[in-house]
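**Student:** Structure: coords_8.cif, mmCIF, C-alpha atoms and all ligand atoms.
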```
data_model
loop_
_atom_site.label_atom_id
_atom_site.label_comp_id
_atom_site.auth_asym_id
_atom_site.auth_seq_id
_atom_site.Cartn_x
_atom_site.Cartn_y
_atom_site.Cartn_z
CA MET M 725 -42.95 172.78 103.76
CA LYS M 726 -44.42 171.18 106.87
CA VAL M 727 -45.50 167.54 106.80
CA LEU M 728 -47.68 165.66 109.26
CA HIS M 729 -46.52 162.03 109.13
CA ILE M 730 -48.86 159.57 110.84
CA ASP M 731 -48.49 155.80 111.06
CA ALA M 732 -51.16 153.50 112.45
CA SER M 733 -49.96 149.93 111.88
CA ALA M 734 -49.78 147.79 115.02
CA ARG M 735 -46.70 146.20 113.41
CA GLN M 736 -43.53 148.14 114.10
CA SER M 737 -41.52 145.75 111.92
CA ARG M 738 -42.71 144.11 108.68
CA SER M 739 -45.23 146.91 108.14
CA HIS M 740 -45.67 147.95 104.51
CA THR M 741 -47.42 151.20 105.37
CA ARG M 742 -44.62 152.22 107.76
CA ARG M 743 -41.90 151.37 105.25
CA LEU M 744 -43.66 153.20 102.42
CA SER M 745 -44.58 156.28 104.43
CA ALA M 746 -40.90 156.53 105.50
CA LEU M 747 -39.79 156.12 101.88
CA PHE M 748 -42.17 158.88 100.82
CA ILE M 749 -40.78 161.26 103.46
CA GLU M 750 -37.24 160.49 102.27
CA GLU M 751 -38.28 161.24 98.69
CA LEU M 752 -39.74 164.56 99.79
CA ARG M 753 -36.53 165.46 101.63
CA ARG M 754 -34.60 164.99 98.39
CA SER M 755 -36.40 167.90 96.74
CA CYS M 756 -37.13 169.84 99.92
CA PRO M 757 -34.10 169.63 102.29
CA ASP M 758 -35.64 171.98 104.87
CA LEU M 759 -38.69 169.74 105.24
CA SER M 760 -40.17 169.95 108.71
CA VAL M 761 -41.94 166.79 109.89
CA ILE M 762 -44.42 166.34 112.73
CA ARG M 763 -44.51 162.66 113.62
CA ARG M 764 -47.38 160.70 115.20
CA ASP M 765 -47.34 156.97 115.89
CA LEU M 766 -50.96 156.14 116.71
CA ALA M 767 -50.16 152.49 117.46
CA LEU M 768 -47.76 153.52 120.22
CA SER M 769 -49.83 156.51 121.40
CA PRO M 770 -53.49 156.04 120.50
CA PRO M 771 -55.66 159.12 121.05
CA PRO M 772 -58.38 158.71 123.70
CA PHE M 773 -61.95 157.84 122.70
CA VAL M 774 -64.42 160.68 122.78
CA SER M 775 -66.39 160.68 126.05
CA GLU M 776 -69.52 162.37 127.38
CA LYS M 777 -67.31 165.08 128.89
CA TRP M 778 -65.55 165.53 125.55
CA ILE M 779 -68.86 165.97 123.68
CA ALA M 780 -70.13 168.49 126.25
CA ALA M 781 -66.89 170.47 126.02
CA ALA M 782 -66.70 170.40 122.21
CA PHE M 783 -70.28 171.69 121.86
CA THR M 784 -69.89 174.47 124.42
CA ASN M 785 -68.94 177.87 123.00
CA GLU M 786 -65.24 178.46 123.48
CA GLU M 787 -65.67 181.52 125.70
CA LEU M 788 -68.03 179.62 128.02
CA ARG M 789 -65.77 176.58 128.54
CA THR M 790 -64.61 175.79 132.06
CA GLU M 791 -61.00 174.96 132.87
CA GLU M 792 -61.98 171.27 133.06
CA MET M 793 -63.59 171.43 129.60
CA ARG M 794 -60.45 173.00 128.16
CA HIS M 795 -58.42 170.23 129.74
CA THR M 796 -60.75 167.58 128.25
CA LEU M 797 -60.17 169.02 124.76
CA ARG M 798 -56.39 169.38 125.17
CA VAL M 799 -55.43 166.34 123.03
CA SER M 800 -57.99 167.25 120.36
CA ASP M 801 -56.67 170.84 120.24
CA GLU M 802 -53.10 169.62 119.95
CA LEU M 803 -53.95 167.23 117.07
CA ILE M 804 -55.95 169.92 115.26
CA ASP M 805 -53.14 172.49 115.72
CA GLU M 806 -50.79 170.02 113.99
CA LEU M 807 -53.21 169.62 111.08
CA LEU M 808 -53.61 173.36 110.65
CA ALA M 809 -49.84 173.95 110.87
CA SER M 810 -48.99 171.36 108.18
CA ASP M 811 -49.14 171.68 104.40
CA LEU M 812 -49.11 167.97 103.64
CA TYR M 813 -50.51 164.93 105.44
CA VAL M 814 -48.94 161.49 105.01
CA PHE M 815 -51.06 158.74 106.56
CA GLY M 816 -49.94 155.10 106.71
CA LEU M 817 -53.16 153.08 106.92
CA PRO M 818 -53.31 149.29 107.19
CA MET M 819 -56.72 147.78 106.48
CA TYR M 820 -58.12 146.14 109.59
CA ASN M 821 -61.47 144.43 109.05
CA PHE M 822 -62.25 146.44 105.94
CA SER M 823 -61.50 149.83 107.51
CA VAL M 824 -58.92 151.84 109.47
CA PRO M 825 -57.27 150.64 112.71
CA ALA M 826 -59.23 151.68 115.81
CA ALA M 827 -56.48 154.10 116.85
CA PHE M 828 -56.92 155.99 113.59
CA LYS M 829 -60.70 156.11 114.09
CA SER M 830 -60.03 157.64 117.51
CA TYR M 831 -57.76 160.16 115.78
CA ILE M 832 -60.54 161.06 113.34
CA ASP M 833 -63.01 161.54 116.19
CA GLN M 834 -60.56 163.91 117.90
CA ILE M 835 -59.92 166.09 114.83
CA ILE M 836 -63.50 166.52 113.56
CA ARG M 837 -64.48 169.50 115.73
CA VAL M 838 -67.17 172.09 115.19
CA GLY M 839 -65.66 175.57 115.11
CA ARG M 840 -62.16 174.22 114.53
CA THR M 841 -62.20 171.93 111.49
CA PHE M 842 -65.78 172.42 110.26
CA SER M 843 -68.62 174.87 110.77
CA PHE M 844 -72.36 174.80 110.21
CA GLN M 845 -75.42 176.97 110.75
CA PRO M 846 -77.84 175.22 113.17
CA GLU M 847 -80.95 176.17 111.16
CA GLN M 848 -79.44 175.19 107.81
CA PRO M 849 -78.85 171.43 107.34
CA GLU M 850 -76.73 171.83 104.18
CA SER M 851 -74.47 174.52 105.60
CA TYR M 852 -71.48 172.33 106.60
CA LYS M 853 -68.18 173.94 105.66
CA GLY M 854 -64.69 172.50 106.01
CA LEU M 855 -62.25 174.88 107.68
CA ILE M 856 -59.00 173.20 106.57
CA GLN M 857 -58.06 174.76 103.25
CA ARG M 858 -55.20 174.32 100.76
CA LYS M 859 -53.78 171.07 102.14
CA THR M 860 -52.80 167.87 100.40
CA ALA M 861 -53.16 164.36 101.83
CA VAL M 862 -51.36 161.18 100.75
CA LEU M 863 -53.00 157.97 101.97
CA ILE M 864 -50.78 154.88 101.94
CA ALA M 865 -52.91 151.79 102.47
CA ALA M 866 -52.03 148.09 102.76
CA ARG M 867 -54.12 144.95 102.90
CA GLY M 868 -53.72 141.20 102.98
CA ASP M 869 -56.07 140.35 100.16
CA SER M 870 -56.41 141.90 96.69
CA GLY M 871 -59.20 143.42 94.60
CA TYR M 872 -60.05 146.34 96.92
CA GLY M 873 -59.28 148.98 94.28
CA PRO M 874 -62.03 150.92 92.41
CA ASP M 875 -62.15 148.28 89.64
CA GLY M 876 -61.78 145.26 91.93
CA PRO M 877 -64.43 142.79 93.14
CA HIS M 878 -64.00 143.90 96.79
CA TRP M 879 -64.25 147.67 96.20
CA SER M 880 -67.66 147.84 97.92
CA LYS M 881 -66.06 146.35 101.06
CA ASN M 882 -63.24 148.90 101.07
CA HIS M 883 -64.14 151.25 103.92
CA LEU M 884 -60.65 152.66 104.19
CA GLU M 885 -59.60 155.04 101.36
CA PRO M 886 -63.22 156.04 100.50
CA TYR M 887 -63.98 156.63 104.18
CA VAL M 888 -60.80 158.58 105.04
CA SER M 889 -61.20 160.61 101.83
CA ASP M 890 -64.80 161.50 102.80
CA VAL M 891 -63.63 162.57 106.26
CA LEU M 892 -60.86 164.72 104.78
CA ARG M 893 -63.22 166.32 102.26
CA PHE M 894 -65.68 167.05 105.08
CA VAL M 895 -63.05 169.23 106.79
CA GLY M 896 -62.06 170.88 103.50
CA VAL M 897 -59.12 168.82 102.21
CA THR M 898 -59.75 168.25 98.51
CA SER M 899 -56.31 167.26 97.20
CA ILE M 900 -56.10 163.58 98.16
CA LYS M 901 -53.78 160.97 96.64
CA THR M 902 -54.03 157.28 97.45
CA VAL M 903 -51.59 154.41 97.01
CA ALA M 904 -52.13 150.82 98.17
CA VAL M 905 -50.18 147.62 98.65
CA GLU M 906 -52.21 144.43 98.24
CA ASN M 907 -51.49 140.72 98.66
CA ASP M 908 -49.66 140.85 102.01
CA GLU M 909 -51.20 137.48 102.89
CA GLN M 910 -50.40 135.86 99.55
CA GLY M 911 -46.81 137.12 99.61
CA GLY M 912 -44.36 136.11 96.89
CA LEU M 913 -44.17 137.80 93.53
CA SER M 914 -47.66 139.35 93.65
CA LEU M 915 -46.77 141.13 96.90
CA GLN M 916 -43.37 142.23 95.59
CA GLN M 917 -44.96 143.63 92.44
CA SER M 918 -47.58 145.46 94.47
CA ILE M 919 -44.94 147.01 96.75
CA ALA M 920 -42.83 148.05 93.75
CA ALA M 921 -45.85 149.65 92.06
CA ALA M 922 -46.80 151.52 95.26
CA ALA M 923 -43.22 152.74 95.77
CA GLY M 924 -43.09 153.94 92.17
CA ALA M 925 -46.40 155.76 92.54
CA LEU M 926 -45.16 157.44 95.74
CA ARG M 927 -41.91 158.56 94.07
CA ALA M 928 -43.96 160.11 91.26
CA ILE M 929 -46.28 161.85 93.74
CA ALA M 930 -43.28 163.20 95.70
CA ALA M 931 -41.59 164.47 92.53
CA ASN M 932 -44.69 166.32 91.38
CA LEU M 933 -45.90 167.43 94.79
CA SER M 934 -43.03 169.26 96.38
CA PRO M 935 -42.55 172.08 93.83
CA ALA M 936 -46.28 172.79 93.86
CA LEU M 937 -46.39 172.87 97.66
CA LEU M 938 -43.27 174.98 97.87
CA ARG M 939 -44.86 177.52 95.54
CA SER M 940 -47.99 177.68 97.68
CA ALA M 941 -46.03 178.02 100.95
C1 LIG W 1 -56.61 142.85 112.80
C2 LIG W 1 -56.35 142.72 111.32
C3 LIG W 1 -57.42 142.82 110.43
C4 LIG W 1 -57.19 142.72 109.06
N1 LIG W 1 -58.24 142.86 108.20
C5 LIG W 1 -58.03 142.76 106.86
C6 LIG W 1 -59.10 142.92 105.93
O1 LIG W 1 -60.24 143.21 106.29
N2 LIG W 1 -58.85 142.77 104.61
C7 LIG W 1 -57.58 142.48 104.14
O2 LIG W 1 -57.40 142.36 102.94
N3 LIG W 1 -56.54 142.38 105.00
C8 LIG W 1 -56.72 142.50 106.33
N4 LIG W 1 -55.66 142.40 107.22
C9 LIG W 1 -54.30 142.28 106.67
C10 LIG W 1 -53.57 143.63 106.71
O3 LIG W 1 -54.33 144.63 106.07
C11 LIG W 1 -52.20 143.52 106.03
O4 LIG W 1 -51.40 142.63 106.79
C12 LIG W 1 -51.50 144.86 105.87
O5 LIG W 1 -50.28 144.64 105.20
C13 LIG W 1 -51.26 145.53 107.23
O6 LIG W 1 -50.55 146.75 107.08
P1 LIG W 1 -49.02 146.86 107.54
O7 LIG W 1 -48.24 145.96 106.57
O8 LIG W 1 -48.65 148.27 107.41
O9 LIG W 1 -48.93 146.34 108.95
C14 LIG W 1 -55.88 142.49 108.58
C15 LIG W 1 -54.81 142.38 109.48
C16 LIG W 1 -55.04 142.48 110.85
C17 LIG W 1 -53.88 142.39 111.80
#
```
Spit out the file's structure as C-alpha cells when you get a sec.
Ligand SMILES: Cc1cc2nc3c(=O)[nH]c(=O)nc-3n(C[C@H](O)[C@H](O)[C@H](O)COP(=O)(O)O)c2cc1C
**Tutor:**
Amino acid sequence: MKVLHIDASARQSRSHTRRLSALFIEELRRSCPDLSVIRRDLALSPPPFVSEKWIAAAFTNEELRTEEMRHTLRVSDELIDELLASDLYVFGLPMYNFSVPAAFKSYIDQIIRVGRTFSFQPEQPESYKGLIQRKTAVLIAARGDSGYGPDGPHWSKNHLEPYVSDVLRFVGVTSIKTVAVENDEQGGLSLQQSIAAAAGALRAIAANLSPALLRSA
C-alpha cells in the first residue's frame, strides 16, 4: 500500500494535525509493515501559485506544449504523479480563517488539472469527470474553537472539510474520512478529550482501512 502523507500546519511543534497524522501512519504500519509513504510538508515547501504562464500551459494540448510550458507544469506534474501513484491520502489540515492554510490551497490549485485529474467536453457543461479512481482520503483537521462539526453552530463557517471533500470528489475520490480536533484555544480537559476522541477515531479507521486497501492493491 502506498500512502501520500501531507502536513500543512505552520507549527512544526505543538501541532495537533502533525501529531495525529504521524500517529495514523504508525497505526497503518502496524497492520501493513511494507507501507510505502510519500511525504510532503507544505509549510516547509509550499507549492507555487498558479500564474498566467501556468494557465496557458495547462490549457494547451499536451502534444503542442513548448519546452518552457512543460517546465512551468513540472511541479504540478510531480504532485499529480504522487496522487496517482498512491492508494491512500492522509492530509493534516489546520483551520486558518475558516478554511485551509494558503499552502494547501496552492497545492489544490496545482493538482486540479484538465486532462490529468479531471476531464470535460467543451460543449457539454455537465460533463466533468474525475480521473482519480479507487483512492481513499483521510482528512485530519484541527481548530481553536469548537462547534464546527455538522451538528455544531459554526458548521456553516467550516470551509475546510466540506471544501476539501468537494475538491476530492471533483477529481473522483469518493471514499473520504474526516476526523477533527477542536478547542485548541480553550485547552485543558476539553482539548484533551477532543484529541483522545480524534486519536481513537483514527485508530479505528486504520484498523478497518488497511485490509480493505490491501485487498484492492
Ligand atoms: C492564522 C490562523 C488562523 C486561524 N483561524 C482559525 C479559525 O478560523 N477558526 C478556529 O477555530 N481556529 C483558528 N485558528 C486556530 C487553529 O486552527 C488551531 O490552533 C489548530 O490547532 C491549528 O492546527 P495545528 O494544531 O495542527 O497547528 C487559527 C490559527 C491560526 C494560526
**Student:** If you measure from atom CA of M:Ile730 to atom CA of M:Gly924, what distance in Å do you get, rounded to one decimal?
**Tutor:**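 Atom CA of M:Ile730 sits 20.3 Å away from atom CA of M:Gly924.
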**Student:** Just the number, please: distance in Å from atom C7 of ligand LIG 1 (chain W) to atom CA of M:Met819, one decimal.
**Tutor:**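 Straight-line distance from atom C7 of ligand LIG 1 (chain W) to atom CA of M:Met819 works out to 5.9 Å.
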**Student:** Find, counting all atoms listed in the file, the residue in M:Asp801, M:Asp731, M:Glu776, M:Glu786 that gets nearest to M:Tyr813.
**Tutor:**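 Ranking M:Asp801, M:Asp731, M:Glu776, M:Glu786 by distance to M:Tyr813, first place goes to M:Asp731.
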**Student:** Which one is closest to ligand LIG 1 (chain W): M:Ala866, M:Leu808, M:Ala904, M:Ala922? Count only C-alpha atoms and all ligand atoms.
**Tutor:** M:Ala866
**Student:** Residues within 12 Å of ligand LIG 1 (chain W) (only C-alpha atoms and all ligand atoms), as an MDAnalysis selection string?
**Tutor:** chainID M and resid 730:746 767 815:827 863:873 878:879 881:884 904:911 915 918:919
**Student:** Restricting the calculation to all atoms listed in the file: of M:Asp833, M:Glu885, M:Glu791, M:Asp805, which residue gets closest to M:Pro772?
**Tutor:**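 The answer is M:Asp833, which sits nearest to M:Pro772.
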**Student:** Quick one: of M:Met725, M:Met793, M:Ser800, M:Phe828, who's nearest to M:Leu768, counting all atoms listed in the file?
**Tutor:**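 Closest candidate: M:Phe828.
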**Student:** With distances taken over all atoms listed in the file, which of M:Pro877, M:Ala809, M:Phe894, M:Pro886 is nearest to M:Thr841?
**Tutor:**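 With all atoms listed in the file as the atom set, the closest residue is M:Phe894.
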